[in-house]
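Here is the structure we will look at, set down as structure tokens.
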Amino acid sequence: MSNADYTITSPLAFTTANSRPLLSLTIAWHPDPTRIGEQFIGNTEAEVIELSRFSPVFRPMHGDALPIGHGGVSRDPLRIVRDNSDGITICPPNSRMVVEVNGEEIKTPSYLSPEQVDTGIIITLGRAVFICLHWMRCLPKHNPVDGFIGIGSSAILTRDLIRLAATNDNTVLLLGETGTGKEVAAQAIHNLSKRAAAKMVSVNMAALNESLAAADLFGANKGAYTGAQNSRDGYFSEAQNSTLFLDEIGNTPPPVQPMLLRVLENGEYRPLGATRDARSTARLITATDQDLYHTNFNHALVRRLESFIIRIPPLRSRREDIGLLINHLSKRADFAQVNLGLIPPGLISDMLNFDWPGNIRQLSNVLKRALLSLQMGEYPHLSNMVESPKNTPPASAELRKAQNNVTAPVVITPPATSTENSHIERKKLRDLTEQDVVDAMHRHGWTIQYAADDLGISRPSMYKLIEANSQIRRVEQIPAEEIREYLTAANNHVEQCAAQLKTPSEALRRHLKGLGWID
């Protein structure tokens, strides 16, 4: 496949600014990690999407399309209604399945404005499967770029621009917040270009000593400055016939900026103390998280740098990619080798709903700490790992009216807090009583993971407490006749039956499937 196959050639590939976007459902998290990132793409017009265990089908980039399939998701559908103004109403199903929107449980139809959907809405089904509801401004596309992960339209467009930049030697300016992956993009442009056989030279301009920056970049002859006992090559010389990546270009010392401008204008520079000019064949890629246009930065240099601009989107504007990034990052060699299934759903919810001011770099650091905590048997809380967790859902009317001046009614409201549903006061593991454990299990449908989240302990620790608890029964020790009686009384609702039997719902479900009493 040639580079031309990856360039933006079709006007139909992306929707125009004035056209209506596609409504997309992306699996942001699933107990089966291979399902993360699968998508259902709706229409651009008003429609109703029914979301249940069996419909719709979600399509991976390669392979067969499948429904959600998880037993914790209701057979009765949740309805997602898109109106003619692109407002979305989420109607919970007529079932006992817990439905959350951006971390807040909803029990009645709830309206979302188009602007809210633009930020990505996280719908949690049965506290097990997380769906991101978001707009797509292009169809899914296989345009892989090493290290740049994502299935949303922002990620697809960015990868297309990276591939397009790799087809020529134009200077590229990468703009984006800290931690968004600007160096990953620079490396990808180099790797996809005709210069890939040579090593890319990377320089952090913020780390250069101002008095020696010119020598570092352009080289110096012996005796050019105090301490220059030998001649030295600079980064431009080192990057001959390759790519020179200047990160944090906004921190370039003012005396050096005219020198960079000259290189960009005619390819020539003069090493310190030299009597003749040298010529650079390096391809220049620069990056910054600063506003170069409203500072004292050399404006003529800015105009040279902006030959080809790629804006790397922040993570908060591509929420549909967060689960995929967690899955990808966890496989890196420097990460603790922990089964992703051990990550508590409560933590996944917090991570999917957080705004990540440090973007992917911050996500990576938090994930590493969380996996290490799990290895040590501790429960990782996002609030302990970030400076300001997001505690107000984007669906909040007050927040959205303040941020987006939304006038459409938003009816998502947190359920009233009651003594029965409130968390117990945090205790140390050794201080938890048998009744504390039973109460937590009862509050969460006798589901072990959610009860552990409630108590602030790890899943392995919860198993130990359950095994030692005289009030909690092992399902294999319960007579089949008693199970049949309570299952019938509960109308085959497993969690309700588990509560009556005082046994974990997961073990009961497996037992019932083994008996052939449920699907």
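Order determines the names: the first chain of the structure tokens is A, the second B, and so forth; residues in each chain are numbered 1 upward, and ligands are numbered 1 upward as they are shown.
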Write out as a tab-separated table the residues of stretch 429-453 of chain A that have any atom within 8 Å of an atom of stretch 321-345 of chain A, one row each with the nearest atom pair and its distance in Å to one decimal, counting only C-alpha atoms, sorted by chain and then rising number.
```
residue	atom	partner	partner_atom	distance
A:Gln449	CA	A:Pro344	CA	6.6
A:Tyr450	CA	A:Pro345	CA	7.6
A:Asp453	CA	A:Pro344	CA	7.0
```
File dump, residues just selected, N, CA and C atoms, as a CSV table (one decimal), in the first residue's frame:
```
chain,number,residue,atom,x,y,z
A,449,GLN,N,-16.9,-7.4,43.4
A,449,GLN,CA,-16.1,-6.3,43.0
A,449,GLN,C,-16.6,-5.0,43.5
A,450,TYR,N,-17.9,-4.8,43.3
A,450,TYR,CA,-18.5,-3.5,43.7
A,450,TYR,C,-18.6,-3.3,45.2
A,453,ASP,N,-15.1,-2.3,46.1
A,453,ASP,CA,-15.0,-0.9,45.8
A,453,ASP,C,-15.6,0.0,47.0
```
### Query
Which residues, written as a list in words, have at least one atom at most 8 Å from stretch 157-171 of chain A, with only C-alpha atoms counted and residues fewer than 5 positions away on the same chain left out?
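Residues meeting the cut-off are Asn3, Tyr6, Thr7, Ile8, Asn143, Pro144, Val145, Phe148, Ala185, Ala188, Ile189, His190, Leu192, Ser193, Lys194, Arg283, Leu284, Ile285, Thr286, Arg304, Leu305, Glu306, Ser307, Phe308, Ile310, Arg311 and Ile312 of chain A.
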Expected file contents, prior selection, N, CA and C atoms, as an mmCIF file, in the first residue's frame:
```
data_model
loop_
_atom_site.group_PDB
_atom_site.id
_atom_site.type_symbol
_atom_site.label_atom_id
_atom_site.label_comp_id
_atom_site.auth_asym_id
_atom_site.auth_seq_id
_atom_site.Cartn_x
_atom_site.Cartn_y
_atom_site.Cartn_z
ATOM 1 N N ASN A 3 1.786 5.524 0.041
ATOM 2 C CA ASN A 3 1.414 6.660 0.877
ATOM 3 C C ASN A 3 0.147 7.336 0.358
ATOM 4 N N TYR A 6 -3.174 6.663 1.926
ATOM 5 C CA TYR A 6 -3.448 7.170 3.267
ATOM 6 C C TYR A 6 -3.694 8.672 3.293
ATOM 7 N N THR A 7 -3.548 9.347 2.164
ATOM 8 C CA THR A 7 -3.739 10.791 2.157
ATOM 9 C C THR A 7 -5.219 11.131 2.061
ATOM 10 N N ILE A 8 -5.550 12.367 2.390
ATOM 11 C CA ILE A 8 -6.944 12.792 2.382
ATOM 12 C C ILE A 8 -7.317 13.122 0.943
ATOM 13 N N ASN A 143 -5.865 3.239 9.268
ATOM 14 C CA ASN A 143 -4.694 4.020 8.859
ATOM 15 C C ASN A 143 -3.676 4.016 10.002
ATOM 16 N N PRO A 144 -3.140 2.832 10.335
ATOM 17 C CA PRO A 144 -2.296 2.716 11.538
ATOM 18 C C PRO A 144 -1.041 3.575 11.479
ATOM 19 N N VAL A 145 -0.693 4.107 12.633
ATOM 20 C CA VAL A 145 0.560 4.834 12.842
ATOM 21 C C VAL A 145 1.133 4.332 14.154
ATOM 22 N N PHE A 148 0.432 5.822 17.859
ATOM 23 C CA PHE A 148 -0.676 6.775 17.934
ATOM 24 C C PHE A 148 -1.979 5.992 17.886
ATOM 25 N N ALA A 185 4.171 11.611 17.442
ATOM 26 C CA ALA A 185 3.808 12.039 16.092
ATOM 27 C C ALA A 185 5.044 12.372 15.266
ATOM 28 N N ALA A 188 6.745 9.233 14.254
ATOM 29 C CA ALA A 188 5.962 8.548 13.225
ATOM 30 C C ALA A 188 6.175 9.186 11.854
ATOM 31 N N ILE A 189 6.191 10.523 11.805
ATOM 32 C CA ILE A 189 6.447 11.203 10.525
ATOM 33 C C ILE A 189 7.803 10.776 9.968
ATOM 34 N N HIS A 190 8.800 10.751 10.841
ATOM 35 C CA HIS A 190 10.139 10.329 10.406
ATOM 36 C C HIS A 190 10.133 8.875 9.920
ATOM 37 N N LEU A 192 7.818 7.098 8.702
ATOM 38 C CA LEU A 192 7.059 6.874 7.467
ATOM 39 C C LEU A 192 7.662 7.605 6.275
ATOM 40 N N SER A 193 8.704 8.406 6.504
ATOM 41 C CA SER A 193 9.293 9.208 5.433
ATOM 42 C C SER A 193 10.436 8.463 4.748
ATOM 43 N N LYS A 194 10.954 9.061 3.704
ATOM 44 C CA LYS A 194 12.086 8.468 2.981
ATOM 45 C C LYS A 194 13.380 8.542 3.778
ATOM 46 N N ARG A 283 15.654 17.546 7.811
ATOM 47 C CA ARG A 283 14.238 17.920 7.748
ATOM 48 C C ARG A 283 13.832 18.312 9.178
ATOM 49 N N LEU A 284 13.183 19.464 9.345
ATOM 50 C CA LEU A 284 12.895 20.012 10.668
ATOM 51 C C LEU A 284 11.444 19.747 11.065
ATOM 52 N N ILE A 285 11.270 19.170 12.267
ATOM 53 C CA ILE A 285 9.959 19.034 12.895
ATOM 54 C C ILE A 285 10.053 19.700 14.261
ATOM 55 N N THR A 286 9.112 20.572 14.567
ATOM 56 C CA THR A 286 9.135 21.278 15.852
ATOM 57 C C THR A 286 7.824 21.031 16.583
ATOM 58 N N ARG A 304 7.782 30.571 9.214
ATOM 59 C CA ARG A 304 8.557 29.510 8.564
ATOM 60 C C ARG A 304 8.217 28.140 9.150
ATOM 61 N N LEU A 305 7.983 28.123 10.453
ATOM 62 C CA LEU A 305 7.708 26.846 11.111
ATOM 63 C C LEU A 305 6.342 26.290 10.741
ATOM 64 N N GLU A 306 5.393 27.173 10.385
ATOM 65 C CA GLU A 306 4.018 26.724 10.183
ATOM 66 C C GLU A 306 3.748 26.276 8.741
ATOM 67 N N SER A 307 4.786 25.805 8.063
ATOM 68 C CA SER A 307 4.590 25.294 6.699
ATOM 69 C C SER A 307 3.550 24.179 6.680
ATOM 70 N N PHE A 308 3.567 23.318 7.704
ATOM 71 C CA PHE A 308 2.590 22.233 7.822
ATOM 72 C C PHE A 308 2.287 22.092 9.313
ATOM 73 N N ILE A 310 0.145 20.424 12.471
ATOM 74 C CA ILE A 310 -0.706 19.339 12.960
ATOM 75 C C ILE A 310 -1.041 19.645 14.411
ATOM 76 N N ARG A 311 -2.310 19.753 14.702
ATOM 77 C CA ARG A 311 -2.751 19.994 16.078
ATOM 78 C C ARG A 311 -3.108 18.650 16.717
ATOM 79 N N ILE A 312 -2.384 18.269 17.744
ATOM 80 C CA ILE A 312 -2.631 17.004 18.422
ATOM 81 C C ILE A 312 -3.739 17.221 19.447
#
```
### Query
What gap, in Å, lies between atom CA of A:Thr89 and atom CA of A:Lys141?
28.2 Å
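Every protein, DNA or RNA residue with an atom at most 6 Å from A:Trp446, where only C-alpha atoms count and chain neighbours fewer than 3 positions away do not, is listed here: Met441, His442, Pro504 and Ser505 of chain A.
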### Counting only C-alpha atoms, the residue of A:Gly126, A:Gly150, A:Pro114, A:Pro140 that sits nearest A:Gly42
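Looking only at the distances to A:Gly42, the closest residue turns out to be A:Pro140.
For the residues A:Val172, A:Met385, A:Leu272, A:Leu501, ranking by smallest atom-to-atom distance to A:Ala186 using only C-alpha atoms places A:Val172 first.
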### Message
From the options A:Pro460, A:Gly87, A:Gly120, A:Pro77, which residue's atoms come nearest to A:Asn353, counting only C-alpha atoms?
### Response
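Among the listed residues, A:Gly120 lies closest to A:Asn353.
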### Message
Let me make sure I understand: among A:Pro67, A:Gly456, A:Gly152, A:Gly267, which one has the smallest atom-to-atom distance to A:Glu50 if we use only C-alpha atoms?
### Response
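Looking at the shortest contact to A:Glu50, the residue is A:Pro67.
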